[in-house]
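Colleague: So here's coords_25.cif (mmCIF, C-alpha atoms).
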```cif
data_upload
loop_
_atom_site.label_atom_id
_atom_site.label_comp_id
_atom_site.auth_asym_id
_atom_site.auth_seq_id
_atom_site.Cartn_x
_atom_site.Cartn_y
_atom_site.Cartn_z
CA MET V 23 -153.57 21.32 81.51
CA SER V 24 -153.24 18.69 78.84
CA GLU V 25 -149.79 19.60 77.56
CA ASP V 26 -146.86 17.28 78.25
CA PRO V 27 -145.12 18.38 81.46
CA ILE V 28 -141.74 18.09 79.73
CA ARG V 29 -141.16 18.84 76.07
CA ILE V 30 -137.64 19.02 74.69
CA SER V 31 -136.92 19.88 71.08
CA GLY V 32 -133.69 20.16 69.15
CA LEU V 33 -131.74 20.65 72.35
CA THR V 34 -127.98 21.03 71.98
CA LYS V 35 -125.34 21.84 74.55
CA LYS V 36 -121.64 22.42 74.05
CA PHE V 37 -119.10 22.82 76.81
CA ARG V 38 -116.45 24.98 75.13
CA TRP V 39 -115.99 23.01 71.91
CA THR V 40 -117.24 19.67 73.16
CA PRO V 41 -120.79 18.88 72.07
CA VAL V 42 -122.63 16.90 74.76
CA LEU V 43 -126.21 17.11 73.52
CA LYS V 44 -126.59 17.03 69.75
CA GLY V 45 -130.26 17.62 69.08
CA LEU V 46 -132.29 15.98 71.78
CA ASP V 47 -136.04 15.55 71.34
CA LEU V 48 -138.25 14.15 74.06
CA ALA V 49 -141.83 14.37 75.30
CA VAL V 50 -142.80 13.18 78.77
CA PRO V 51 -146.56 12.60 79.02
CA ARG V 52 -148.55 13.66 82.07
CA GLY V 53 -148.71 11.02 84.81
CA ALA V 54 -145.75 9.04 83.47
CA LEU V 55 -143.07 7.53 85.64
CA PHE V 56 -140.50 8.27 83.00
CA ALA V 57 -136.94 6.94 83.11
CA LEU V 58 -134.09 8.51 81.16
CA VAL V 59 -131.44 5.81 80.87
CA GLY V 60 -127.96 5.95 79.36
CA PRO V 61 -124.30 5.28 80.14
CA ASN V 62 -122.42 7.59 82.48
CA GLY V 63 -121.26 10.83 80.90
CA VAL V 64 -123.75 11.01 78.01
CA GLY V 65 -125.48 14.15 79.27
CA LYS V 66 -128.34 12.99 81.50
CA THR V 67 -127.39 15.41 84.26
CA THR V 68 -126.73 18.17 81.72
CA THR V 69 -130.22 17.62 80.29
CA ILE V 70 -131.79 17.79 83.74
CA LYS V 71 -129.81 20.91 84.66
CA ILE V 72 -131.10 22.60 81.52
CA LEU V 73 -134.65 21.53 82.41
CA MET V 74 -134.19 23.05 85.88
CA ASN V 75 -132.75 26.31 84.46
CA ILE V 76 -129.36 25.70 86.07
CA LEU V 77 -127.66 25.54 82.66
CA ARG V 78 -128.48 27.35 79.44
CA PRO V 79 -128.91 25.38 76.22
CA THR V 80 -126.57 26.15 73.31
CA SER V 81 -129.53 25.87 70.93
CA GLY V 82 -133.01 24.40 70.95
CA GLY V 83 -134.91 24.31 74.19
CA ALA V 84 -137.30 22.74 76.62
CA GLU V 85 -140.69 23.53 78.05
CA ILE V 86 -141.46 22.57 81.62
CA LEU V 87 -145.14 22.67 82.60
CA GLY V 88 -145.64 24.83 79.53
CA ILE V 89 -142.91 27.33 80.47
CA ASP V 90 -139.66 27.88 78.59
CA SER V 91 -137.01 26.31 80.85
CA HIS V 92 -134.84 29.43 80.89
CA ARG V 93 -137.79 31.47 82.16
CA LEU V 94 -138.47 29.17 85.12
CA ALA V 95 -138.59 31.27 88.28
CA GLY V 96 -139.28 30.91 91.99
CA ARG V 97 -143.02 30.41 91.90
CA ASP V 98 -142.72 27.83 89.12
CA PHE V 99 -140.41 25.76 91.31
CA ALA V 100 -143.23 25.49 93.85
CA ARG V 101 -144.84 23.15 91.28
CA ILE V 102 -141.68 21.13 90.66
CA GLY V 103 -139.79 18.79 92.97
CA TYR V 104 -136.11 18.32 92.17
CA VAL V 105 -133.62 16.00 93.82
CA SER V 106 -130.12 15.57 92.41
CA GLU V 107 -127.58 12.84 92.97
CA ASN V 108 -125.38 15.00 95.15
CA GLN V 109 -128.18 16.94 96.73
CA GLU V 110 -126.82 19.76 98.87
CA LEU V 111 -128.70 20.07 102.13
CA PRO V 112 -128.18 22.49 105.00
CA ASP V 113 -126.21 20.03 107.12
CA TRP V 114 -126.74 21.78 110.44
CA MET V 115 -130.54 21.44 110.27
CA THR V 116 -132.43 18.47 111.66
CA VAL V 117 -134.90 16.68 109.38
CA ASP V 118 -137.87 18.26 111.17
CA TYR V 119 -136.25 21.69 111.08
CA LEU V 120 -135.58 21.39 107.34
CA LEU V 121 -139.24 20.61 106.69
CA SER V 122 -140.58 23.47 108.78
CA TYR V 123 -137.96 25.78 107.27
CA LEU V 124 -139.13 24.95 103.73
CA ARG V 125 -142.82 25.18 104.52
CA PRO V 126 -143.35 28.97 104.04
CA PHE V 127 -141.72 28.84 100.60
CA TYR V 128 -144.46 26.58 99.24
CA PRO V 129 -148.11 27.71 99.23
CA ALA V 130 -149.28 24.11 98.73
CA TRP V 131 -147.12 22.64 101.54
CA ASP V 132 -148.97 19.80 103.27
CA ALA V 133 -147.67 19.38 106.83
CA ASP V 134 -149.62 16.15 107.34
CA LEU V 135 -148.09 14.68 104.21
CA ALA V 136 -144.63 15.81 105.34
CA ALA V 137 -145.10 14.05 108.69
CA GLN V 138 -146.42 10.95 106.94
CA LEU V 139 -143.39 10.87 104.62
CA VAL V 140 -140.99 11.19 107.56
CA SER V 141 -142.54 8.17 109.25
CA GLN V 142 -142.96 6.19 106.01
CA PHE V 143 -139.28 6.75 105.17
CA ASN V 144 -138.23 5.92 108.75
CA LEU V 145 -136.43 9.25 109.04
CA PRO V 146 -135.17 10.34 112.48
CA GLY V 147 -136.83 13.76 112.68
CA ASN V 148 -134.53 15.17 115.36
CA ARG V 149 -131.22 14.10 113.81
CA LYS V 150 -129.05 16.59 111.98
CA LEU V 151 -128.73 16.10 108.23
CA LYS V 152 -124.95 15.82 108.44
CA HIS V 153 -125.37 12.72 110.60
CA LEU V 154 -127.61 10.93 108.14
CA SER V 155 -126.52 8.08 105.86
CA ARG V 156 -126.62 8.64 102.13
CA GLY V 157 -129.90 6.74 101.82
CA MET V 158 -131.50 8.79 104.57
CA ARG V 159 -130.32 12.05 103.03
CA MET V 160 -131.87 11.07 99.72
CA LYS V 161 -135.11 10.14 101.46
CA ALA V 162 -135.09 13.44 103.38
CA ALA V 163 -134.54 15.30 100.10
CA LEU V 164 -137.37 13.36 98.48
CA ALA V 165 -139.73 13.95 101.42
CA SER V 166 -139.03 17.69 101.25
CA SER V 167 -139.73 17.64 97.49
CA LEU V 168 -142.99 15.70 97.74
CA ALA V 169 -144.57 17.53 100.69
CA TYR V 170 -145.85 20.39 98.53
CA ARG V 171 -147.53 17.99 96.08
CA PRO V 172 -145.60 19.12 93.00
CA GLU V 173 -147.04 18.39 89.55
CA LEU V 174 -143.64 17.27 88.34
CA VAL V 175 -140.83 15.52 90.21
CA VAL V 176 -137.36 15.41 88.63
CA LEU V 177 -134.80 13.03 90.12
CA ASP V 178 -131.21 12.84 88.93
CA GLU V 179 -129.63 9.41 89.63
CA PRO V 180 -131.46 9.02 92.93
CA PHE V 181 -130.50 5.37 93.47
CA THR V 182 -126.72 5.63 93.39
CA GLY V 183 -125.39 4.24 96.65
CA LEU V 184 -128.77 3.53 98.23
CA ASP V 185 -129.04 0.35 100.30
CA PRO V 186 -131.84 -2.04 99.21
CA LEU V 187 -134.19 -1.06 102.03
CA ALA V 188 -133.84 2.69 101.42
CA ARG V 189 -134.29 2.00 97.72
CA ASP V 190 -137.54 0.10 98.34
CA GLU V 191 -138.90 2.85 100.57
CA PHE V 192 -137.90 5.46 98.00
CA ILE V 193 -139.66 3.60 95.17
CA GLU V 194 -142.74 2.99 97.27
CA GLY V 195 -142.91 6.72 98.01
CA LEU V 196 -142.78 7.43 94.29
CA LEU V 197 -145.28 4.78 93.22
CA GLU V 198 -147.81 6.04 95.75
CA ARG V 199 -147.72 9.47 94.15
CA SER V 200 -147.40 8.33 90.56
CA GLU V 201 -151.12 8.65 89.86
CA ASN V 202 -151.25 12.43 90.31
CA THR V 203 -147.66 13.34 89.59
CA THR V 204 -145.38 13.16 86.60
CA ILE V 205 -142.04 11.69 87.64
CA PHE V 206 -138.86 12.01 85.58
CA ILE V 207 -135.88 9.93 86.75
CA SER V 208 -132.41 9.58 85.26
CA SER V 209 -130.35 6.45 85.81
CA HIS V 210 -127.28 4.82 84.33
CA ASP V 211 -128.57 1.39 85.33
CA LEU V 212 -131.58 -0.20 83.68
CA ALA V 213 -131.97 -2.63 86.60
CA ASP V 214 -132.63 0.34 88.91
CA ILE V 215 -135.76 1.43 87.14
CA GLU V 216 -137.07 -1.46 85.02
CA THR V 217 -139.49 -2.77 87.63
CA PHE V 218 -141.42 0.42 88.24
CA ALA V 219 -141.01 2.84 85.33
CA SER V 220 -143.92 3.31 82.91
CA HIS V 221 -141.86 4.85 80.10
CA ILE V 222 -138.25 4.62 79.15
CA ALA V 223 -135.98 6.70 76.92
CA TYR V 224 -132.42 5.82 76.03
CA LEU V 225 -129.89 8.64 75.71
CA ASP V 226 -126.60 8.00 74.00
CA ASP V 227 -124.31 9.94 71.68
CA GLY V 228 -126.12 13.20 72.45
CA ARG V 229 -129.51 12.04 71.24
CA ILE V 230 -132.54 10.05 72.38
CA GLN V 231 -132.07 6.67 70.68
CA PHE V 232 -135.57 5.51 71.50
CA SER V 233 -138.41 6.44 73.78
CA GLU V 234 -141.30 4.11 74.48
CA GLU V 235 -143.86 2.88 76.96
CA LEU V 236 -142.33 -0.04 78.84
CA VAL V 237 -145.30 -2.39 78.51
CA ALA V 238 -145.45 -1.76 74.75
CA LEU V 239 -141.73 -2.35 74.45
CA SER V 240 -141.81 -5.72 76.19
CA ASP V 241 -145.00 -6.69 74.33
CA ARG V 242 -143.57 -6.26 70.88
CA PHE V 243 -140.43 -8.34 71.41
CA ARG V 244 -140.41 -12.14 71.36
CA GLU V 245 -137.76 -14.74 70.75
CA ILE V 246 -139.23 -17.03 68.13
CA GLU V 247 -138.09 -20.63 67.77
CA ILE V 248 -139.36 -22.72 64.89
CA THR V 249 -138.58 -26.43 64.88
CA PHE V 250 -138.53 -28.59 61.75
CA ASP V 251 -137.76 -32.17 60.78
CA ALA V 252 -135.19 -30.50 58.54
CA ALA V 253 -134.87 -26.72 58.63
CA PRO V 254 -135.14 -24.97 55.22
CA PRO V 255 -132.79 -22.10 54.20
CA LEU V 256 -133.94 -18.63 55.32
CA PRO V 257 -136.46 -17.31 52.77
CA ALA V 258 -135.56 -14.31 50.58
CA ASP V 259 -138.53 -12.26 51.82
CA TRP V 260 -137.22 -12.18 55.41
CA PRO V 261 -139.06 -9.38 57.29
CA ALA V 262 -136.89 -6.48 58.47
CA ALA V 263 -138.47 -6.71 61.94
CA TRP V 264 -137.11 -10.24 62.43
CA LEU V 265 -133.71 -9.58 63.93
CA HIS V 266 -130.63 -11.77 64.40
CA PRO V 267 -131.75 -14.95 62.60
CA GLU V 268 -129.83 -18.13 63.44
CA SER V 269 -130.44 -21.60 62.13
CA SER V 270 -129.30 -25.14 62.73
CA ALA V 271 -130.30 -28.50 61.24
CA ALA V 272 -133.74 -28.56 62.85
CA LEU V 273 -134.24 -25.08 64.24
CA ILE V 274 -134.61 -21.45 63.15
CA ARG V 275 -134.42 -18.79 65.84
CA PHE V 276 -134.81 -15.00 65.64
CA THR V 277 -136.00 -11.96 67.61
CA ASP V 278 -139.27 -10.49 66.39
CA SER V 279 -139.34 -6.75 67.11
CA ARG V 280 -142.95 -6.25 65.92
CA TYR V 281 -144.62 -9.21 67.57
CA GLU V 282 -148.39 -9.53 67.41
CA GLU V 283 -149.47 -13.08 68.05
CA GLU V 284 -151.88 -13.59 65.15
CA ARG V 285 -149.99 -11.64 62.53
CA THR V 286 -146.60 -13.09 63.47
CA MET V 287 -147.93 -16.64 63.46
CA ALA V 288 -149.58 -16.09 60.06
CA GLU V 289 -146.33 -14.72 58.64
CA ILE V 290 -144.44 -17.72 59.99
CA ARG V 291 -146.95 -20.21 58.55
CA ALA V 292 -146.77 -18.47 55.17
CA ARG V 293 -142.99 -18.74 55.06
CA PHE V 294 -142.55 -22.10 56.77
CA PRO V 295 -145.40 -24.44 55.87
CA ASP V 296 -143.30 -27.39 57.16
CA ALA V 297 -142.81 -25.98 60.67
CA ARG V 298 -143.38 -28.62 63.31
CA ASN V 299 -143.65 -26.31 66.30
CA VAL V 300 -143.37 -22.55 66.94
CA THR V 301 -142.66 -20.99 70.32
CA ALA V 302 -142.67 -17.28 71.18
CA THR V 303 -140.83 -16.46 74.42
CA PRO V 304 -140.93 -13.03 76.07
CA LEU V 305 -137.52 -11.46 76.55
CA PRO V 306 -136.04 -9.78 79.60
CA LEU V 307 -135.92 -6.02 79.30
CA ARG V 308 -132.13 -5.95 79.34
CA THR V 309 -131.98 -8.13 76.21
CA ILE V 310 -134.59 -6.00 74.44
CA PHE V 311 -132.71 -2.90 75.43
CA VAL V 312 -129.39 -4.08 74.05
CA THR V 313 -131.10 -5.12 70.81
CA VAL V 314 -132.91 -1.81 70.32
CA ALA V 315 -129.95 0.32 71.37
CA LYS V 316 -127.66 -1.47 68.92
CA LYS V 317 -130.14 -1.15 66.12
CA ALA V 318 -130.71 2.56 66.82
CA LYS V 319 -126.98 3.21 66.87
CA ARG V 320 -126.54 1.48 63.54
CA ALA V 321 -129.37 3.55 62.07
CA VAL V 322 -127.70 6.76 63.26
CA ALA V 323 -124.33 5.66 61.91
CA ALA V 324 -125.79 4.74 58.52
CA MET S 21 -149.50 -8.65 102.14
CA ILE S 22 -150.09 -10.54 98.93
CA PRO S 23 -150.80 -14.26 98.87
CA PHE S 24 -147.70 -15.34 96.96
CA ARG S 25 -144.00 -14.85 97.19
CA LEU S 26 -141.76 -13.52 94.49
CA THR S 27 -138.08 -12.68 94.27
CA PHE S 28 -137.31 -11.10 90.92
CA GLN S 29 -134.82 -12.98 88.80
CA PRO S 30 -132.75 -10.92 86.44
CA GLY S 31 -132.94 -12.19 82.87
CA VAL S 32 -136.62 -13.11 82.80
CA ALA S 33 -139.40 -10.75 81.69
CA LEU S 34 -140.76 -9.09 84.83
CA TYR S 35 -144.39 -9.47 83.91
CA GLU S 36 -143.94 -13.17 83.14
CA GLN S 37 -142.46 -13.68 86.59
CA VAL S 38 -145.46 -12.17 88.34
CA VAL S 39 -147.90 -14.15 86.16
CA TYR S 40 -145.96 -17.34 86.92
CA ALA S 41 -145.88 -16.70 90.68
CA ALA S 42 -149.63 -16.08 90.76
CA ARG S 43 -150.37 -19.13 88.63
CA LYS S 44 -148.21 -21.28 90.89
CA ALA S 45 -149.98 -19.97 94.01
CA VAL S 46 -153.35 -20.97 92.55
CA ILE S 47 -152.25 -24.36 91.26
CA SER S 48 -150.53 -25.26 94.53
CA GLY S 49 -153.62 -24.27 96.51
CA GLN S 50 -152.11 -21.25 98.26
CA MET S 51 -155.07 -19.41 96.78
CA ARG S 52 -158.38 -21.19 96.34
CA PRO S 53 -161.35 -20.53 94.06
CA GLY S 54 -163.29 -17.54 95.37
CA ASP S 55 -160.30 -16.07 97.22
CA PRO S 56 -159.84 -12.36 96.50
CA PHE S 57 -156.87 -11.52 94.31
CA PRO S 58 -154.86 -8.36 95.11
CA SER S 59 -155.90 -5.18 93.30
CA VAL S 60 -153.66 -3.32 90.85
CA ARG S 61 -152.79 -0.92 93.63
CA THR S 62 -151.96 -3.59 96.21
CA LEU S 63 -149.92 -5.61 93.75
CA SER S 64 -148.03 -2.54 92.59
CA LYS S 65 -147.27 -1.48 96.13
CA ALA S 66 -146.32 -4.92 97.45
CA LEU S 67 -144.02 -5.82 94.56
CA LYS S 68 -142.83 -2.24 93.84
CA ILE S 69 -143.86 -2.57 90.23
CA ASN S 70 -145.49 -0.03 87.97
CA PRO S 71 -149.32 -0.08 88.15
CA ASN S 72 -149.35 -0.60 84.35
CA THR S 73 -147.46 -3.86 84.80
CA ALA S 74 -149.72 -4.93 87.66
CA HIS S 75 -152.74 -4.15 85.50
CA LYS S 76 -151.34 -6.18 82.63
CA VAL S 77 -150.69 -9.16 84.93
CA ILE S 78 -154.27 -9.16 86.21
CA THR S 79 -155.75 -8.75 82.71
CA HIS S 80 -153.62 -11.66 81.52
CA LEU S 81 -154.74 -13.92 84.38
CA ILE S 82 -158.38 -13.02 83.71
CA ASN S 83 -157.99 -13.85 80.01
CA GLU S 84 -156.28 -17.08 80.97
CA GLY S 85 -159.34 -17.97 83.06
CA LEU S 86 -157.41 -18.15 86.31
CA LEU S 87 -159.14 -15.07 87.77
CA GLU S 88 -162.61 -13.66 87.32
CA VAL S 89 -164.15 -10.30 88.02
CA ARG S 90 -167.03 -10.32 90.51
CA PRO S 91 -169.00 -7.09 90.52
CA GLY S 92 -168.79 -5.52 93.96
CA THR S 93 -166.06 -7.85 95.22
CA GLY S 94 -163.28 -7.28 92.73
CA THR S 95 -161.07 -9.92 91.22
CA VAL S 96 -161.21 -13.43 92.67
CA VAL S 97 -159.61 -16.77 91.86
CA ALA S 98 -161.87 -18.51 89.34
CA GLN S 99 -163.34 -22.01 89.49
CA PRO S 100 -161.18 -24.19 87.25
CA ALA S 101 -162.73 -24.50 83.80
CA ARG S 102 -164.55 -27.73 82.93
CA SER S 103 -162.30 -28.83 80.11
CA THR S 104 -161.19 -32.32 79.18
CA ALA S 105 -157.87 -33.60 80.44
CA ALA S 106 -156.68 -33.82 76.83
CA GLU S 107 -157.51 -30.15 76.21
CA ARG S 108 -155.64 -29.14 79.31
CA ALA S 109 -152.67 -31.36 78.50
CA ARG S 110 -152.33 -29.69 75.10
CA LEU S 111 -151.59 -26.40 76.87
CA LEU S 112 -148.37 -27.97 78.10
CA ASP S 113 -147.18 -29.36 74.77
CA GLY S 114 -144.65 -26.63 74.05
CA ASP S 115 -143.28 -26.66 77.60
CA LEU S 116 -142.90 -30.44 77.55
CA GLU S 117 -141.09 -30.39 74.24
CA ARG S 118 -138.70 -27.75 75.52
CA LEU S 119 -138.09 -29.80 78.66
CA VAL S 120 -137.29 -32.93 76.66
CA VAL S 121 -134.97 -31.02 74.32
CA ALA S 122 -133.15 -29.43 77.29
CA ALA S 123 -132.86 -32.79 79.08
CA ARG S 124 -131.43 -34.50 76.00
CA LYS S 125 -128.94 -31.68 75.50
CA LEU S 126 -127.76 -32.30 79.07
CA GLY S 127 -127.51 -36.04 78.39
CA LEU S 128 -130.14 -36.96 81.03
CA LYS S 129 -132.01 -40.29 80.94
CA GLU S 130 -135.79 -40.45 80.62
CA ASP S 131 -135.97 -41.88 84.17
CA ASP S 132 -133.96 -38.97 85.60
CA VAL S 133 -136.42 -36.51 84.11
CA VAL S 134 -139.48 -38.48 85.27
CA ASP S 135 -138.03 -38.70 88.80
CA ALA S 136 -137.30 -34.97 88.91
CA LEU S 137 -140.80 -34.28 87.59
CA ARG S 138 -142.34 -36.49 90.28
CA ASP S 139 -140.33 -34.64 92.96
CA HIS S 140 -141.73 -31.29 91.85
CA TRP S 141 -145.21 -32.78 91.58
CA THR S 142 -145.09 -33.95 95.20
CA LYS S 143 -143.57 -30.71 96.45
CA LEU S 144 -146.61 -28.72 95.30
CA GLY S 145 -148.99 -30.89 97.38
CA PRO S 146 -152.10 -32.80 96.28
CA ALA S 147 -153.43 -31.72 92.88
CA GLU S 148 -156.91 -30.20 92.80
CA GLY S 149 -157.66 -31.50 89.33
CA ALA S 150 -156.69 -35.10 90.11
CA THR S 151 -160.08 -35.91 91.67
CA ARG S 152 -162.15 -35.18 88.58
CA LYS S 153 -160.24 -37.13 86.00
#
```
With the file now loaded, output its structure as structure tokens.

Modeller:
Amino acid sequence: MSEDPIRISGLTKKFRWTPVLKGLDLAVPRGALFALVGPNGVGKTTTIKILMNILRPTSGGAEILGIDSHRLAGRDFARIGYVSENQELPDWMTVDYLLSYLRPFYPAWDADLAAQLVSQFNLPGNRKLKHLSRGMRMKAALASSLAYRPELVVLDEPFTGLDPLARDEFIEGLLERSENTTIFISSHDLADIETFASHIAYLDDGRIQFSEELVALSDRFREIEITFDAAPPLPADWPAAWLHPESSAALIRFTDSRYEEERTMAEIRARFPDARNVTATPLPLRTIFVTVAKKAKRAVAA
Amino acid sequence: MIPFRLTFQPGVALYEQVVYAARKAVISGQMRPGDPFPSVRTLSKALKINPNTAHKVITHLINEGLLEVRPGTGTVVAQPARSTAAERARLLDGDLERLVVAARKLGLKEDDVVDALRDHWTKLGPAEGATRK
């Protein structure tokens, strides 16, 4: 059971003649709370539908829990929880009825956990699904997908249109299970997932532009400011990892994309023996993201 | 319940914000030496942040000397280190320089900055360190 719960390699998908996925590679490690981020319409939902065996790939493929995605069958789905943005639910059922209706389909169904989720999510058990708000529907869908303790939970844009309270309850429900479960979430908005994801991958132009552990990503980026009595010209041996250099009369500023305190400081001292002061400021994820995404795009274009 | 308050600001590194909030709670006396500090789990749950981030925050605060690990009890707020005032002041050098640069850019007078500084100083309550100068 050590294999990655999701493994995608060389995945392509065309709709008629329009290529949407152009060779997507991705590995989601066990236990990750993995966010797939990218603008609307780049193929996040298509990717997830292929993973869930709703769509067929044009070429390449994906393994889910070690099984080829297009071979996924009923009993495999008892190990996977899946909630999509426009989750269809049997509207005439009440929340409680839905949960007891689903129970016999899942050998591992945990009725105590189901009841706990209903109360944790503040769901009205005796109300019909068609009378629930969007946030409540999403929470009901999530509760019904967590109650059988799946190994893998796949969520397609779960936060769209959720009010802040529902969102908090939803995230809390996920974080509580994140130790024993691999969670794969798609979102078009970085702000939705940046506080709680452990890994992040950026999908654009049909490919994964980068995929990294979030802590590692924010650790290796720093804005560096070097102050001088009089700033020298930028040296010829400027490291490739030092992005977007700017300079003024007394200041040189750049973004270090391979920051390690000791090494970076040594490199700065070697190049700028006259530096008066050096500061390294951590950057917000959004800034890092824009920087990396731009750089990746340029690399693909080149 | 965690012993400090935090509303996330967009545009600042998340982990820095948590470290800052915890540091402020200790310095302002909201948490005192020996007080238990929330576990990775509690912090993650209360702030809805990934346990990895919570873990990193706690490790950072331990390395900084603000927290210490007590076997059996968990992580507690540490006794402030016995360093000289000069040593401690040096930790602020970069921050002070940045403050002065920002103030000059805004065209503020030295007095304006000192007044504003004094306001913030008072707001945080009596300083623990002031007694052992």

Colleague: Measuring between only C-alpha atoms, which one of V:Leu121, V:Val176, V:Ile193, V:Ala100 shows the shortest distance to chain S?

Modeller: V:Ile193

Colleague: Using the chain letters and numbers from the file, give me the residues hit by the PyMOL selection byres ((chain V and resi 97) around 12), as a ChimeraX atom specification.

Modeller: /V:89,93-96,98-102,127-130,172

Colleague: Compute the distance from (-160.9, -8.6, 89.2) to each atom, counting all atoms listed in the file, keep the residues with any atom at most 9 Å away, and return them as a list of chain:residue names; use the coordinates of the file.

Modeller: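 Applying the cut-off with all atoms listed in the file, one gets S:Pro56, S:Phe57, S:Pro58, S:Ser59, S:Ile78, S:Thr79, S:Ile82, S:Leu87, S:Glu88, S:Val89, S:Arg90, S:Pro91, S:Thr93, S:Gly94, S:Thr95, S:Val96, S:Val97.
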
Colleague: Using the chain letters and residue numbers of this document, give as a count of residues only the residues selected by the PyMOL selection byres ((chain V and resi 262) around 12).

Modeller: 15

Colleague: V:Lys150, V:Arg78, V:Arg298, V:Arg171: which is nearest chain S, counting only C-alpha atoms?

Modeller: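 For chain S, the nearest of the candidates is V:Arg298.
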
Colleague: Kindly determine which residues of chain V lie within 9 Å of chain S, considering all atoms listed in the file, and give the answer as a list in words.

Modeller: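 Therefore, the residues near the partner are Leu55, Asp190, Ile193, Glu194, Leu197, Glu198, Ser200, Ala213, Glu216, Thr217, Phe218, Ala219, Ser220, Leu236, Val237, Ser240, Asn299, Val300, Thr301, Pro304, Leu305, Pro306, Leu307, Arg308 and Thr309 of chain V.
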
Colleague: For the provided coordinates, the residues matched by the PyMOL selection byres ((chain V and resi 269) around 10) should be stated as JSON, numbers by chain.

Modeller: {"V": [247, 248, 249, 253, 254, 255, 256, 267, 268, 270, 271, 272, 273, 274, 275, 276]}

Colleague: In the coordinate frame of the file, compute which residues have an atom within 7 Å of (-125.3, 4.8, 78.6) when using all atoms listed in the file, and state them as a ChimeraX atom specification.

Modeller: /V:59-62,64,210,225-226

Colleague: Hey, can you spit out that residue selection with C-alpha atoms as a PDB file, keeping the file's coordinate frame?

Modeller:
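The result, stored in again13.pdb:
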```pdb
ATOM      1  CA  VAL V  59    -131.440   5.810  80.870  1.00  0.00           C
ATOM      2  CA  GLY V  60    -127.960   5.950  79.360  1.00  0.00           C
ATOM      3  CA  PRO V  61    -124.300   5.280  80.140  1.00  0.00           C
ATOM      4  CA  ASN V  62    -122.420   7.590  82.480  1.00  0.00           C
ATOM      5  CA  VAL V  64    -123.750  11.010  78.010  1.00  0.00           C
ATOM      6  CA  HIS V 210    -127.280   4.820  84.330  1.00  0.00           C
ATOM      7  CA  LEU V 225    -129.890   8.640  75.710  1.00  0.00           C
ATOM      8  CA  ASP V 226    -126.600   8.000  74.000  1.00  0.00           C
TER       9      ASP V 226
END
```

Colleague: What is the atom CA of V:Asn108-atom CA of V:Arg149 distance in Å, reported with one decimal?

Modeller: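 Going from atom CA of V:Asn108 over to atom CA of V:Arg149 covers 19.6 Å.
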